[in-house]
$ cat run.pdb   # PDB, C-alpha atoms
ATOM      1  CA  MET K 275     -36.421 -12.527 -49.547
ATOM      2  CA  ASN K 276     -37.021 -16.271 -49.930
ATOM      3  CA  ARG K 277     -39.780 -18.342 -48.352
ATOM      4  CA  ARG K 278     -37.652 -19.418 -45.369
ATOM      5  CA  GLU K 279     -36.624 -15.821 -44.622
ATOM      6  CA  LEU K 280     -40.251 -14.706 -44.799
ATOM      7  CA  MET K 281     -41.266 -17.448 -42.373
ATOM      8  CA  LEU K 282     -38.520 -16.517 -39.907
ATOM      9  CA  ALA K 283     -39.441 -12.859 -40.167
ATOM     10  CA  GLY K 284     -43.064 -13.734 -39.367
ATOM     11  CA  ILE K 285     -42.025 -15.717 -36.321
ATOM     12  CA  ALA K 286     -39.818 -12.852 -35.146
ATOM     13  CA  LEU K 287     -42.693 -10.388 -35.450
ATOM     14  CA  ALA K 288     -44.860 -12.628 -33.290
ATOM     15  CA  LEU K 289     -42.307 -12.874 -30.496
ATOM     16  CA  PRO K 290     -41.637 -10.288 -27.779
ATOM     17  CA  PHE K 291     -38.672  -7.980 -28.226
ATOM     18  CA  PRO K 292     -36.745  -8.031 -24.951
ATOM     19  CA  ALA K 293     -34.066  -5.666 -26.232
ATOM     20  CA  ALA K 294     -36.687  -3.168 -27.387
ATOM     21  CA  ALA K 295     -38.601  -3.539 -24.116
ATOM     22  CA  ALA K 296     -35.431  -2.946 -22.133
ATOM     23  CA  ALA K 297     -34.643   0.116 -24.223
ATOM     24  CA  ALA K 298     -38.114   1.494 -23.474
ATOM     25  CA  THR K 299     -37.411   1.430 -19.736
ATOM     26  CA  PRO K 300     -35.376   4.439 -18.577
ATOM     27  CA  ALA K 301     -32.051   3.511 -17.025
ATOM     28  CA  GLU K 302     -31.502   3.816 -13.287
ATOM     29  CA  TRP K 303     -29.701   7.050 -12.467
ATOM     30  CA  THR K 304     -26.035   7.027 -11.575
ATOM     31  CA  PRO K 305     -24.905   9.271  -8.695
ATOM     32  CA  ALA K 306     -23.740  11.870 -11.231
ATOM     33  CA  GLN K 307     -27.136  11.870 -12.951
ATOM     34  CA  PHE K 308     -28.907  12.091  -9.598
ATOM     35  CA  HIS K 309     -26.852  15.153  -8.678
ATOM     36  CA  ALA K 310     -27.425  16.729 -12.082
ATOM     37  CA  ALA K 311     -31.197  16.304 -11.753
ATOM     38  CA  ARG K 312     -31.425  17.963  -8.331
ATOM     39  CA  ARG K 313     -33.654  20.969  -7.919
ATOM     40  CA  PHE K 314     -34.617  23.063  -4.915
ATOM     41  CA  VAL K 315     -37.877  24.584  -3.777
ATOM     42  CA  ASP K 316     -37.947  27.435  -1.261
ATOM     43  CA  LEU K 317     -40.343  26.848   1.629
ATOM     44  CA  PRO K 318     -40.752  28.652   4.972
ATOM     45  CA  VAL K 319     -38.712  25.836   6.595
ATOM     46  CA  GLY K 320     -35.810  26.189   4.146
ATOM     47  CA  ARG K 321     -34.639  24.949   0.729
ATOM     48  CA  VAL K 322     -35.929  21.447   0.086
ATOM     49  CA  ALA K 323     -33.978  19.371  -2.415
ATOM     50  CA  TYR K 324     -35.793  17.030  -4.775
ATOM     51  CA  VAL K 325     -35.496  15.173  -8.050
ATOM     52  CA  GLU K 326     -38.155  14.075 -10.477
ATOM     53  CA  ARG K 327     -38.471  12.074 -13.667
ATOM     54  CA  GLY K 328     -41.286  10.830 -15.842
ATOM     55  CA  SER K 329     -44.685  12.245 -16.626
ATOM     56  CA  GLY K 330     -48.317  11.722 -15.734
ATOM     57  CA  PRO K 331     -50.055  11.771 -12.345
ATOM     58  CA  VAL K 332     -47.623  12.464  -9.514
ATOM     59  CA  ALA K 333     -46.121   9.807  -7.246
ATOM     60  CA  ILE K 334     -44.097  10.988  -4.244
ATOM     61  CA  PHE K 335     -41.408   8.689  -2.826
ATOM     62  CA  LEU K 336     -40.375   9.227   0.817
ATOM     63  CA  HIS K 337     -37.003   7.821   1.882
ATOM     64  CA  GLY K 338     -35.671   6.244   5.068
ATOM     65  CA  TYR K 339     -33.198   7.369   7.745
ATOM     66  CA  PRO K 340     -30.372   8.315   7.177
ATOM     67  CA  LEU K 341     -30.783   8.030   3.387
ATOM     68  CA  ASN K 342     -32.102  10.504   0.835
ATOM     69  CA  GLY K 343     -34.039  10.468  -2.428
ATOM     70  CA  PHE K 344     -31.305   8.456  -4.157
ATOM     71  CA  GLN K 345     -32.846   5.431  -2.411
ATOM     72  CA  TRP K 346     -35.707   5.467  -4.938
ATOM     73  CA  ARG K 347     -33.688   5.752  -8.171
ATOM     74  CA  GLY K 348     -34.592   2.191  -9.230
ATOM     75  CA  PRO K 349     -38.381   2.322  -8.766
ATOM     76  CA  MET K 350     -38.476   5.822 -10.281
ATOM     77  CA  ALA K 351     -36.782   4.569 -13.438
ATOM     78  CA  LEU K 352     -39.206   1.659 -13.764
ATOM     79  CA  LEU K 353     -42.274   3.806 -13.111
ATOM     80  CA  ALA K 354     -41.349   6.935 -15.075
ATOM     81  CA  THR K 355     -43.566   5.884 -17.977
ATOM     82  CA  HIS K 356     -46.591   5.781 -15.664
ATOM     83  CA  ARG K 357     -46.032   8.603 -13.180
ATOM     84  CA  ARG K 358     -44.253  11.875 -12.661
ATOM     85  CA  CYS K 359     -42.028  10.456  -9.931
ATOM     86  CA  VAL K 360     -40.899  13.002  -7.333
ATOM     87  CA  THR K 361     -38.663  12.347  -4.329
ATOM     88  CA  PRO K 362     -37.800  15.137  -1.887
ATOM     89  CA  ASP K 363     -35.019  14.926   0.682
ATOM     90  CA  LEU K 364     -36.589  15.073   4.126
ATOM     91  CA  MET K 365     -35.524  17.877   6.428
ATOM     92  CA  GLY K 366     -32.194  17.233   8.122
ATOM     93  CA  LEU K 367     -31.196  14.566   5.590
ATOM     94  CA  GLY K 368     -29.787  14.496   2.095
ATOM     95  CA  TYR K 369     -29.290  17.771   0.292
ATOM     96  CA  SER K 370     -32.127  19.845   1.759
ATOM     97  CA  GLU K 371     -30.876  23.051   3.380
ATOM     98  CA  ILE K 372     -32.734  23.633   6.631
ATOM     99  CA  PRO K 373     -31.849  26.226   9.294
ATOM    100  CA  ALA K 374     -30.511  24.967  12.604
ATOM    101  CA  GLY K 375     -33.193  24.620  15.257
ATOM    102  CA  THR K 376     -35.958  23.704  12.793
ATOM    103  CA  SER K 377     -38.178  20.908  14.048
ATOM    104  CA  LEU K 378     -37.451  17.659  12.230
ATOM    105  CA  SER K 379     -40.286  15.722  13.888
ATOM    106  CA  PRO K 380     -42.525  13.398  11.858
ATOM    107  CA  ILE K 381     -45.348  15.932  12.110
ATOM    108  CA  ALA K 382     -43.102  18.743  10.869
ATOM    109  CA  GLN K 383     -41.887  16.524   8.024
ATOM    110  CA  SER K 384     -45.454  15.705   6.991
ATOM    111  CA  GLU K 385     -46.376  19.385   7.015
ATOM    112  CA  MET K 386     -43.301  20.156   4.920
ATOM    113  CA  ILE K 387     -44.384  17.589   2.319
ATOM    114  CA  VAL K 388     -47.837  19.172   2.031
ATOM    115  CA  ALA K 389     -46.244  22.624   1.656
ATOM    116  CA  PHE K 390     -43.854  21.134  -0.908
ATOM    117  CA  MET K 391     -46.845  19.849  -2.872
ATOM    118  CA  ASP K 392     -48.492  23.261  -2.692
ATOM    119  CA  ARG K 393     -45.351  24.956  -3.982
ATOM    120  CA  LEU K 394     -45.107  22.570  -6.947
ATOM    121  CA  GLY K 395     -48.829  22.728  -7.683
ATOM    122  CA  ILE K 396     -49.426  19.059  -6.851
ATOM    123  CA  ALA K 397     -53.036  18.578  -5.799
ATOM    124  CA  GLU K 398     -52.709  14.886  -4.887
ATOM    125  CA  ALA K 399     -50.195  12.101  -5.229
ATOM    126  CA  ASP K 400     -49.604   8.397  -4.846
ATOM    127  CA  PHE K 401     -47.205   7.955  -1.908
ATOM    128  CA  VAL K 402     -44.524   5.289  -1.600
ATOM    129  CA  ALA K 403     -42.664   5.189   1.720
ATOM    130  CA  ASN K 404     -40.051   3.269   3.680
ATOM    131  CA  ASP K 405     -38.685   3.206   7.252
ATOM    132  CA  SER K 406     -39.449   6.357   9.291
ATOM    133  CA  ALA K 407     -41.143   7.864   6.232
ATOM    134  CA  THR K 408     -43.831   5.181   6.474
ATOM    135  CA  GLY K 409     -44.978   6.991   9.611
ATOM    136  CA  ILE K 410     -44.735  10.358   7.845
ATOM    137  CA  ALA K 411     -46.933   9.060   5.013
ATOM    138  CA  GLN K 412     -49.554   7.961   7.548
ATOM    139  CA  LEU K 413     -49.542  11.424   9.092
ATOM    140  CA  ILE K 414     -50.208  12.962   5.681
ATOM    141  CA  ALA K 415     -53.041  10.504   5.054
ATOM    142  CA  ALA K 416     -54.556  11.303   8.444
ATOM    143  CA  ASN K 417     -54.214  15.093   8.390
ATOM    144  CA  ALA K 418     -54.434  15.854   4.658
ATOM    145  CA  PRO K 419     -56.352  12.877   3.216
ATOM    146  CA  ASN K 420     -57.430  14.768   0.107
ATOM    147  CA  ARG K 421     -53.766  15.033  -0.935
ATOM    148  CA  VAL K 422     -53.224  11.249  -0.999
ATOM    149  CA  ARG K 423     -54.405   9.156  -3.959
ATOM    150  CA  SER K 424     -52.946   5.915  -2.611
ATOM    151  CA  LEU K 425     -50.343   4.576  -0.167
ATOM    152  CA  LEU K 426     -47.716   1.907  -0.820
ATOM    153  CA  LEU K 427     -46.091   1.294   2.555
ATOM    154  CA  THR K 428     -42.995  -0.757   3.322
ATOM    155  CA  ASN K 429     -41.410  -1.673   6.672
ATOM    156  CA  GLY K 430     -41.500   1.349   8.923
ATOM    157  CA  ASP K 431     -43.056   3.092  11.888
ATOM    158  CA  VAL K 432     -46.548   1.926  12.843
ATOM    159  CA  ASP K 433     -48.730   2.939  15.795
ATOM    160  CA  ILE K 434     -46.899   2.308  19.098
ATOM    161  CA  ASN K 435     -43.749   1.039  17.338
ATOM    162  CA  SER K 436     -42.481   4.530  16.588
ATOM    163  CA  PRO K 437     -39.637   4.844  17.094
ATOM    164  CA  PRO K 438     -38.927   1.140  17.538
ATOM    165  CA  GLU K 439     -37.671   0.100  20.950
ATOM    166  CA  LEU K 440     -34.577  -1.382  19.313
ATOM    167  CA  LEU K 441     -33.692   2.070  17.959
ATOM    168  CA  MET K 442     -33.777   3.757  21.366
ATOM    169  CA  PRO K 443     -30.074   3.150  22.202
ATOM    170  CA  PHE K 444     -29.107   4.885  18.945
ATOM    171  CA  ILE K 445     -31.498   7.754  19.668
ATOM    172  CA  GLU K 446     -29.783   8.155  23.035
ATOM    173  CA  GLN K 447     -26.464   8.355  21.176
ATOM    174  CA  CYS K 448     -28.006  11.028  18.977
ATOM    175  CA  ARG K 449     -29.040  12.891  22.109
ATOM    176  CA  ASN K 450     -25.593  12.830  23.727
ATOM    177  CA  GLY K 451     -23.608  13.395  20.517
ATOM    178  CA  GLN K 452     -22.019   9.949  20.329
ATOM    179  CA  ALA K 453     -23.815   9.222  17.048
ATOM    180  CA  ASP K 454     -21.418  11.576  15.238
ATOM    181  CA  ALA K 455     -18.830   8.813  15.295
ATOM    182  CA  TRP K 456     -21.325   6.416  13.683
ATOM    183  CA  PHE K 457     -22.050   8.753  10.776
ATOM    184  CA  LEU K 458     -18.386   9.643  10.313
ATOM    185  CA  ARG K 459     -17.203   6.035  10.371
ATOM    186  CA  HIS K 460     -19.539   5.118   7.541
ATOM    187  CA  TYR K 461     -18.066   7.927   5.467
ATOM    188  CA  ARG K 462     -14.399   7.455   6.352
ATOM    189  CA  ASP K 463     -14.177   3.661   6.642
ATOM    190  CA  ARG K 464     -16.132   2.398   3.672
ATOM    191  CA  ASN K 465     -15.100  -1.207   4.018
ATOM    192  CA  TRP K 466     -16.531  -1.167   7.535
ATOM    193  CA  ALA K 467     -19.671   0.524   6.199
ATOM    194  CA  ARG K 468     -20.210  -2.507   3.953
ATOM    195  CA  THR K 469     -19.282  -5.183   6.497
ATOM    196  CA  GLY K 470     -19.760  -3.762   9.987
ATOM    197  CA  ASP K 471     -22.724  -3.590  12.311
ATOM    198  CA  GLY K 472     -23.996  -0.233  11.048
ATOM    199  CA  LEU K 473     -26.098   0.438   7.969
ATOM    200  CA  ALA K 474     -24.797  -2.763   6.343
ATOM    201  CA  SER K 475     -27.294  -4.713   8.447
ATOM    202  CA  THR K 476     -30.199  -2.998   6.675
ATOM    203  CA  PHE K 477     -29.254  -4.316   3.218
ATOM    204  CA  ARG K 478     -29.254  -7.852   1.870
ATOM    205  CA  HIS K 479     -26.282  -7.003  -0.332
ATOM    206  CA  PRO K 480     -24.427  -4.116   1.331
ATOM    207  CA  GLU K 481     -21.382  -4.650  -0.862
ATOM    208  CA  LYS K 482     -23.473  -3.334  -3.768
ATOM    209  CA  ALA K 483     -25.854  -0.918  -2.052
ATOM    210  CA  LEU K 484     -23.012   0.746  -0.141
ATOM    211  CA  SER K 485     -20.510   1.179  -2.931
ATOM    212  CA  ASP K 486     -18.033   4.016  -2.477
ATOM    213  CA  GLU K 487     -20.097   6.208  -4.798
ATOM    214  CA  ASN K 488     -23.341   5.468  -2.958
ATOM    215  CA  ILE K 489     -21.757   6.147   0.438
ATOM    216  CA  GLU K 490     -20.664   9.512  -0.922
ATOM    217  CA  VAL K 491     -24.244  10.292  -1.963
ATOM    218  CA  TYR K 492     -25.792   9.197   1.345
ATOM    219  CA  PHE K 493     -23.250  10.232   3.962
ATOM    220  CA  GLY K 494     -21.391  13.060   2.218
ATOM    221  CA  PRO K 495     -24.020  15.719   2.965
ATOM    222  CA  LEU K 496     -24.568  14.465   6.528
ATOM    223  CA  VAL K 497     -20.917  14.844   7.568
ATOM    224  CA  ALA K 498     -20.132  17.965   5.512
ATOM    225  CA  THR K 499     -20.270  20.293   8.535
ATOM    226  CA  SER K 500     -20.820  20.081  12.266
ATOM    227  CA  GLU K 501     -24.225  21.694  11.730
ATOM    228  CA  ARG K 502     -25.256  18.939   9.323
ATOM    229  CA  LEU K 503     -24.066  16.261  11.744
ATOM    230  CA  ALA K 504     -26.188  17.902  14.410
ATOM    231  CA  GLN K 505     -29.221  17.735  12.125
ATOM    232  CA  ALA K 506     -28.577  14.076  11.330
ATOM    233  CA  ARG K 507     -28.690  13.435  15.082
ATOM    234  CA  ARG K 508     -31.677  15.715  15.516
ATOM    235  CA  TYR K 509     -33.678  13.693  13.008
ATOM    236  CA  GLY K 510     -33.358  10.784  15.437
ATOM    237  CA  THR K 511     -34.179  12.638  18.648
ATOM    238  CA  ASP K 512     -37.124  14.458  17.065
ATOM    239  CA  MET K 513     -38.847  11.120  16.466
ATOM    240  CA  LEU K 514     -40.028  11.517  20.059
ATOM    241  CA  PRO K 515     -42.711  11.900  21.224
ATOM    242  CA  ASN K 516     -44.474   9.340  19.057
ATOM    243  CA  PRO K 517     -47.333  11.044  17.119
ATOM    244  CA  LEU K 518     -48.845   7.931  15.533
ATOM    245  CA  PRO K 519     -51.233   6.478  18.147
ATOM    246  CA  ALA K 520     -53.201   9.739  18.125
ATOM    247  CA  ILE K 521     -54.015   9.452  14.409
ATOM    248  CA  ALA K 522     -55.349   5.878  14.486
ATOM    249  CA  PRO K 523     -59.019   7.024  14.426
ATOM    250  CA  LYS K 524     -58.339   9.093  11.301
ATOM    251  CA  LEU K 525     -56.595   6.204   9.568
ATOM    252  CA  ARG K 526     -59.675   4.055  10.187
ATOM    253  CA  THR K 527     -61.696   6.433   8.008
ATOM    254  CA  PHE K 528     -59.099   6.937   5.249
ATOM    255  CA  PRO K 529     -60.962   5.967   2.048
ATOM    256  CA  ARG K 530     -58.137   5.557  -0.483
ATOM    257  CA  PRO K 531     -56.387   2.273  -1.407
ATOM    258  CA  VAL K 532     -53.423   1.168   0.707
ATOM    259  CA  ARG K 533     -51.022  -1.715   0.094
ATOM    260  CA  MET K 534     -48.253  -3.047   2.349
ATOM    261  CA  VAL K 535     -45.081  -4.641   0.970
ATOM    262  CA  TRP K 536     -43.213  -5.933   3.999
ATOM    263  CA  ALA K 537     -39.872  -7.660   4.533
ATOM    264  CA  ARG K 538     -40.722 -10.633   6.704
ATOM    265  CA  ASN K 539     -39.459 -11.142  10.263
ATOM    266  CA  LEU K 540     -37.519  -7.903  10.754
ATOM    267  CA  ASP K 541     -36.626  -7.194  14.378
ATOM    268  CA  LEU K 542     -36.970  -3.435  13.930
ATOM    269  CA  PHE K 543     -40.303  -3.430  12.082
ATOM    270  CA  PRO K 544     -41.907  -6.874  12.507
ATOM    271  CA  ASP K 545     -44.785  -8.415  10.588
ATOM    272  CA  ASP K 546     -47.424  -7.282  13.067
ATOM    273  CA  GLY K 547     -46.947  -3.694  11.865
ATOM    274  CA  ALA K 548     -48.173  -4.642   8.416
ATOM    275  CA  VAL K 549     -51.044  -6.615   9.948
ATOM    276  CA  TRP K 550     -52.051  -3.593  12.040
ATOM    277  CA  LEU K 551     -52.084  -1.373   8.954
ATOM    278  CA  ASP K 552     -54.094  -3.939   6.989
ATOM    279  CA  ARG K 553     -56.717  -4.111   9.728
ATOM    280  CA  THR K 554     -56.802  -0.340  10.273
ATOM    281  CA  PHE K 555     -57.141   1.041   6.745
ATOM    282  CA  PRO K 556     -60.683   0.294   5.507
ATOM    283  CA  ALA K 557     -59.618   0.192   1.843
ATOM    284  CA  SER K 558     -56.514  -1.923   2.417
ATOM    285  CA  ARG K 559     -55.425  -4.008  -0.555
ATOM    286  CA  GLY K 560     -53.637  -6.449   1.718
ATOM    287  CA  ILE K 561     -50.024  -7.364   2.407
ATOM    288  CA  ARG K 562     -47.243  -8.837   0.321
ATOM    289  CA  PHE K 563     -44.613 -10.337   2.600
ATOM    290  CA  VAL K 564     -41.113 -10.503   1.151
ATOM    291  CA  ASP K 565     -38.753 -13.271   2.235
ATOM    292  CA  ASP K 566     -34.985 -12.930   2.507
ATOM    293  CA  ALA K 567     -35.130  -9.133   2.607
ATOM    294  CA  LYS K 568     -33.841  -6.386   4.879
ATOM    295  CA  LEU K 569     -35.176  -2.942   5.846
ATOM    296  CA  PHE K 570     -34.013  -1.087   2.748
ATOM    297  CA  PHE K 571     -35.137  -3.766   0.298
ATOM    298  CA  PRO K 572     -36.987  -1.159  -1.842
ATOM    299  CA  GLU K 573     -33.563  -0.027  -3.061
ATOM    300  CA  GLU K 574     -32.389  -3.572  -3.729
ATOM    301  CA  ARG K 575     -35.680  -4.809  -5.246
ATOM    302  CA  PRO K 576     -36.951  -1.950  -7.417
ATOM    303  CA  ASP K 577     -38.697  -4.465  -9.661
ATOM    304  CA  LEU K 578     -40.844  -5.639  -6.766
ATOM    305  CA  ILE K 579     -41.786  -2.078  -5.736
ATOM    306  CA  ALA K 580     -42.586  -1.139  -9.326
ATOM    307  CA  ASP K 581     -44.740  -4.235  -9.804
ATOM    308  CA  GLU K 582     -46.739  -3.547  -6.642
ATOM    309  CA  ALA K 583     -47.103   0.141  -7.520
ATOM    310  CA  ARG K 584     -48.455  -0.640 -10.983
ATOM    311  CA  ARG K 585     -50.980  -3.072  -9.515
ATOM    312  CA  LEU K 586     -52.083  -0.555  -6.897
ATOM    313  CA  TRP K 587     -52.344   2.254  -9.437
ATOM    314  CA  GLY K 588     -54.104   0.102 -12.032
ATOM    315  CA  VAL K 589     -51.609   0.808 -14.821
TER     316      VAL K 589
END

$ encode --input "run.pdb" --output "structure tokens"
Amino acid sequence: MNRRELMLAGIALALPFPAAAAAATPAEWTPAQFHAARRFVDLPVGRVAYVERGSGPVAIFLHGYPLNGFQWRGPMALLATHRRCVTPDLMGLGYSEIPAGTSLSPIAQSEMIVAFMDRLGIAEADFVANDSATGIAQLIAANAPNRVRSLLLTNGDVDINSPPELLMPFIEQCRNGQADAWFLRHYRDRNWARTGDGLASTFRHPEKALSDENIEVYFGPLVATSERLAQARRYGTDMLPNPLPAIAPKLRTFPRPVRMVWARNLDLFPDDGAVWLDRTFPASRGIRFVDDAKLFFPEERPDLIADEARRLWGV
């Protein structure tokens, strides 16, 4: 090797290796990989589906309505080197198998998560939550605070805004059965799913988030049988009565760190929800408002979620 080659080699060694860094980050799961990774745990309420990847202290990711754990595939890939990332499918959604008539209320969901942790031998976890699961995470923090190491909360149910007033017409459709058509149309008319006034409005880029494959993952299990459609509706109606105002005193004594990452100016879950959480949790780490984002931005911006999680976790 001549002098010039040695000099160039020295410069190369001093520079970062983007290709190597990219290779060190696990790839985001495809739908096929997500299905292949699925496991089930038997609980008194039924068979709860979940996936996990990575190693280290546990982080539990709680998904929105009517999604499932596939929502968190991006952040899980980015955080797998720091945490054992676990995402269960909430009761009535995704691939969990729950008997008809089981309560799907936020309180029941929070109790299921604690039982799920017990079954897997998880003493405590960092929680990351979105949409209705943001309320579920608060219930866990209030009623089982020793099981929560930290909370990273995105736009979702807060205090009296649970369920949001703007969601009440849809909940009424869930009550009278008309919501079946909404779920079925997303599955059967996929172009409408990406461009219509349904779930497309919750994504900044629905043409990508609601690809044919992703629609299959999200809506396939919900429309598989009439019983599953009934549970998808039941998830909505069981949001009432609102359990969150009653736990406010407990949240005011929750000692663990909490961080809000909030899409700005959403009609469904406005900025004042994040402000309320920041003022209520005594160990709040503040709010990061996100511009030009929709409700399910954690799926579209996994880099942002991963960055905030690493800061909160100190890794």

$ resolve_selection --input "run.pdb" --expression "the PyMOL selection byres ((chain K and resi 561-568) around 10)" --output "count of residues only"
35

$ closest_residue --input "run.pdb" --among "K:Leu367, K:Met513, K:Ile489, K:Leu525" --to "Pro438 (chain K)" --atoms "only C-alpha atoms"
K:Met513

$ resolve_selection --input "run.pdb" --expression "the PyMOL selection byres ((chain K and resi 360) around 12)" --output "ChimeraX atom specification"
/K:311-313,323-337,343-344,346-347,349-351,353-354,357-359,361-363,387,390-391,394,396,399-402

$ write_last_selection --input "run.pdb" --atoms "C-alpha atoms" --output "short mmCIF file (atom, residue, chain, number, x, y, z; two decimals), in the frame of the given file"
data_model
loop_
_atom_site.label_atom_id
_atom_site.label_comp_id
_atom_site.auth_asym_id
_atom_site.auth_seq_id
_atom_site.Cartn_x
_atom_site.Cartn_y
_atom_site.Cartn_z
CA ALA K 311 -31.20 16.30 -11.75
CA ARG K 312 -31.42 17.96 -8.33
CA ARG K 313 -33.65 20.97 -7.92
CA ALA K 323 -33.98 19.37 -2.42
CA TYR K 324 -35.79 17.03 -4.78
CA VAL K 325 -35.50 15.17 -8.05
CA GLU K 326 -38.16 14.08 -10.48
CA ARG K 327 -38.47 12.07 -13.67
CA GLY K 328 -41.29 10.83 -15.84
CA SER K 329 -44.68 12.24 -16.63
CA GLY K 330 -48.32 11.72 -15.73
CA PRO K 331 -50.06 11.77 -12.34
CA VAL K 332 -47.62 12.46 -9.51
CA ALA K 333 -46.12 9.81 -7.25
CA ILE K 334 -44.10 10.99 -4.24
CA PHE K 335 -41.41 8.69 -2.83
CA LEU K 336 -40.38 9.23 0.82
CA HIS K 337 -37.00 7.82 1.88
CA GLY K 343 -34.04 10.47 -2.43
CA PHE K 344 -31.30 8.46 -4.16
CA TRP K 346 -35.71 5.47 -4.94
CA ARG K 347 -33.69 5.75 -8.17
CA PRO K 349 -38.38 2.32 -8.77
CA MET K 350 -38.48 5.82 -10.28
CA ALA K 351 -36.78 4.57 -13.44
CA LEU K 353 -42.27 3.81 -13.11
CA ALA K 354 -41.35 6.94 -15.08
CA ARG K 357 -46.03 8.60 -13.18
CA ARG K 358 -44.25 11.88 -12.66
CA CYS K 359 -42.03 10.46 -9.93
CA THR K 361 -38.66 12.35 -4.33
CA PRO K 362 -37.80 15.14 -1.89
CA ASP K 363 -35.02 14.93 0.68
CA ILE K 387 -44.38 17.59 2.32
CA PHE K 390 -43.85 21.13 -0.91
CA MET K 391 -46.84 19.85 -2.87
CA LEU K 394 -45.11 22.57 -6.95
CA ILE K 396 -49.43 19.06 -6.85
CA ALA K 399 -50.20 12.10 -5.23
CA ASP K 400 -49.60 8.40 -4.85
CA PHE K 401 -47.20 7.96 -1.91
CA VAL K 402 -44.52 5.29 -1.60
#

$ closest_residue --input "run.pdb" --among "K:Pro531, K:Ser384, K:Val589, K:Gly368" --to "His309 (chain K)" --atoms "only C-alpha atoms"
K:Gly368

$ atom_distance --input "run.pdb" --atom1 "CA of Arg321 (chain K)" --atom2 "CA of Gly395 (chain K)"
16.6 Å

$ atom_distance --input "run.pdb" --atom1 "CA of Tyr461 (chain K)" --atom2 "CA of Met386 (chain K)"
28.0 Å

$ resolve_selection --input "run.pdb" --expression "the PyMOL selection byres ((chain K and resi 303-305) around 7)" --output "list in words"
Ala301, Glu302, Ala306, Gln307, Phe308, His309, Arg347, Glu487 and Val491 of chain K

$ closest_residue --input "run.pdb" --among "K:Leu441, K:Leu352, K:Ala418, K:Ala374" --to "Leu514 (chain K)" --atoms "only C-alpha atoms"
K:Leu441

$ atom_distance --input "run.pdb" --atom1 "CA of Gly366 (chain K)" --atom2 "CA of Asn404 (chain K)"
16.6 Å

$ residues_near_point --input "run.pdb" --point "(-61.1, 15.8, 4.7)" --cutoff "12 Å" --atoms "all atoms listed in the file" --output "PyMOL selection string"
chain K and resi 414-422+524-525+527-530

$ closest_residue --input "run.pdb" --among "K:Glu573, K:Asp512, K:Asp433, K:Glu501" --to "Pro380 (chain K)" --atoms "all atoms listed in the file"
K:Asp512

$ residues_around --input "run.pdb" --residues "Tyr339 (chain K)" --least-positions-apart "3" --cutoff "8 Å" --atoms "only C-alpha atoms" --output "PyMOL selection string"
chain K and resi 342+367+405-406

$ write_last_selection --input "run.pdb" --atoms "C-alpha atoms" --output "compact mmCIF listing (two decimals), in the frame of the given file"
# COMPACT_ATOMS: atom_id res chain seq x y z
CA ASN K 342 -32.10 10.50 0.84
CA LEU K 367 -31.20 14.57 5.59
CA ASP K 405 -38.68 3.21 7.25
CA SER K 406 -39.45 6.36 9.29

$ closest_residue --input "run.pdb" --among "K:Asn465, K:Thr355, K:Gln447, K:Asn516" --to "Ala504 (chain K)" --atoms "only C-alpha atoms"
K:Gln447

$ closest_residue --input "run.pdb" --among "K:Asn488, K:Ser500, K:Thr554, K:Gln412" --to "Leu426 (chain K)" --atoms "only C-alpha atoms"
K:Gln412

$ axis_aligned_box --input "run.pdb" --around "region 348-364 of chain K" --padding-each-side "4 Å" --output "JSON"
{"center_x": -40.6, "center_y": 8.4, "center_z": -6.9, "size_x": 20.0, "size_y": 21.5, "size_z": 30.1}

$ residues_around --input "run.pdb" --residues "Arg507 (chain K)" --least-positions-apart "4" --cutoff "7 Å" --atoms "all atoms listed in the file" --output "PyMOL selection string"
chain K and resi 448+453+503+511

$ build_atoms --input "run.pdb" --residues "region 387-395 of chain K" --atoms "N, CA and C atoms" --output "PDB file, in the frame of the given file"
ATOM      1  N   ILE K 387     -44.022  18.250   3.573  1.00  0.00           N
ATOM      2  CA  ILE K 387     -44.384  17.589   2.319  1.00  0.00           C
ATOM      3  C   ILE K 387     -45.639  18.214   1.718  1.00  0.00           C
ATOM      4  N   VAL K 388     -46.619  18.532   2.541  1.00  0.00           N
ATOM      5  CA  VAL K 388     -47.837  19.172   2.031  1.00  0.00           C
ATOM      6  C   VAL K 388     -47.505  20.552   1.464  1.00  0.00           C
ATOM      7  N   ALA K 389     -46.664  21.323   2.169  1.00  0.00           N
ATOM      8  CA  ALA K 389     -46.244  22.624   1.656  1.00  0.00           C
ATOM      9  C   ALA K 389     -45.440  22.473   0.363  1.00  0.00           C
ATOM     10  N   PHE K 390     -44.621  21.449   0.300  1.00  0.00           N
ATOM     11  CA  PHE K 390     -43.854  21.134  -0.908  1.00  0.00           C
ATOM     12  C   PHE K 390     -44.810  20.871  -2.073  1.00  0.00           C
ATOM     13  N   MET K 391     -45.856  20.101  -1.830  1.00  0.00           N
ATOM     14  CA  MET K 391     -46.845  19.849  -2.872  1.00  0.00           C
ATOM     15  C   MET K 391     -47.518  21.140  -3.313  1.00  0.00           C
ATOM     16  N   ASP K 392     -47.876  21.980  -2.361  1.00  0.00           N
ATOM     17  CA  ASP K 392     -48.492  23.261  -2.692  1.00  0.00           C
ATOM     18  C   ASP K 392     -47.585  24.085  -3.596  1.00  0.00           C
ATOM     19  N   ARG K 393     -46.308  24.126  -3.238  1.00  0.00           N
ATOM     20  CA  ARG K 393     -45.351  24.956  -3.982  1.00  0.00           C
ATOM     21  C   ARG K 393     -45.180  24.454  -5.406  1.00  0.00           C
ATOM     22  N   LEU K 394     -45.259  23.140  -5.607  1.00  0.00           N
ATOM     23  CA  LEU K 394     -45.107  22.570  -6.947  1.00  0.00           C
ATOM     24  C   LEU K 394     -46.440  22.412  -7.678  1.00  0.00           C
ATOM     25  N   GLY K 395     -47.520  22.826  -7.044  1.00  0.00           N
ATOM     26  CA  GLY K 395     -48.829  22.728  -7.683  1.00  0.00           C
ATOM     27  C   GLY K 395     -49.342  21.311  -7.804  1.00  0.00           C
TER      28      GLY K 395
END
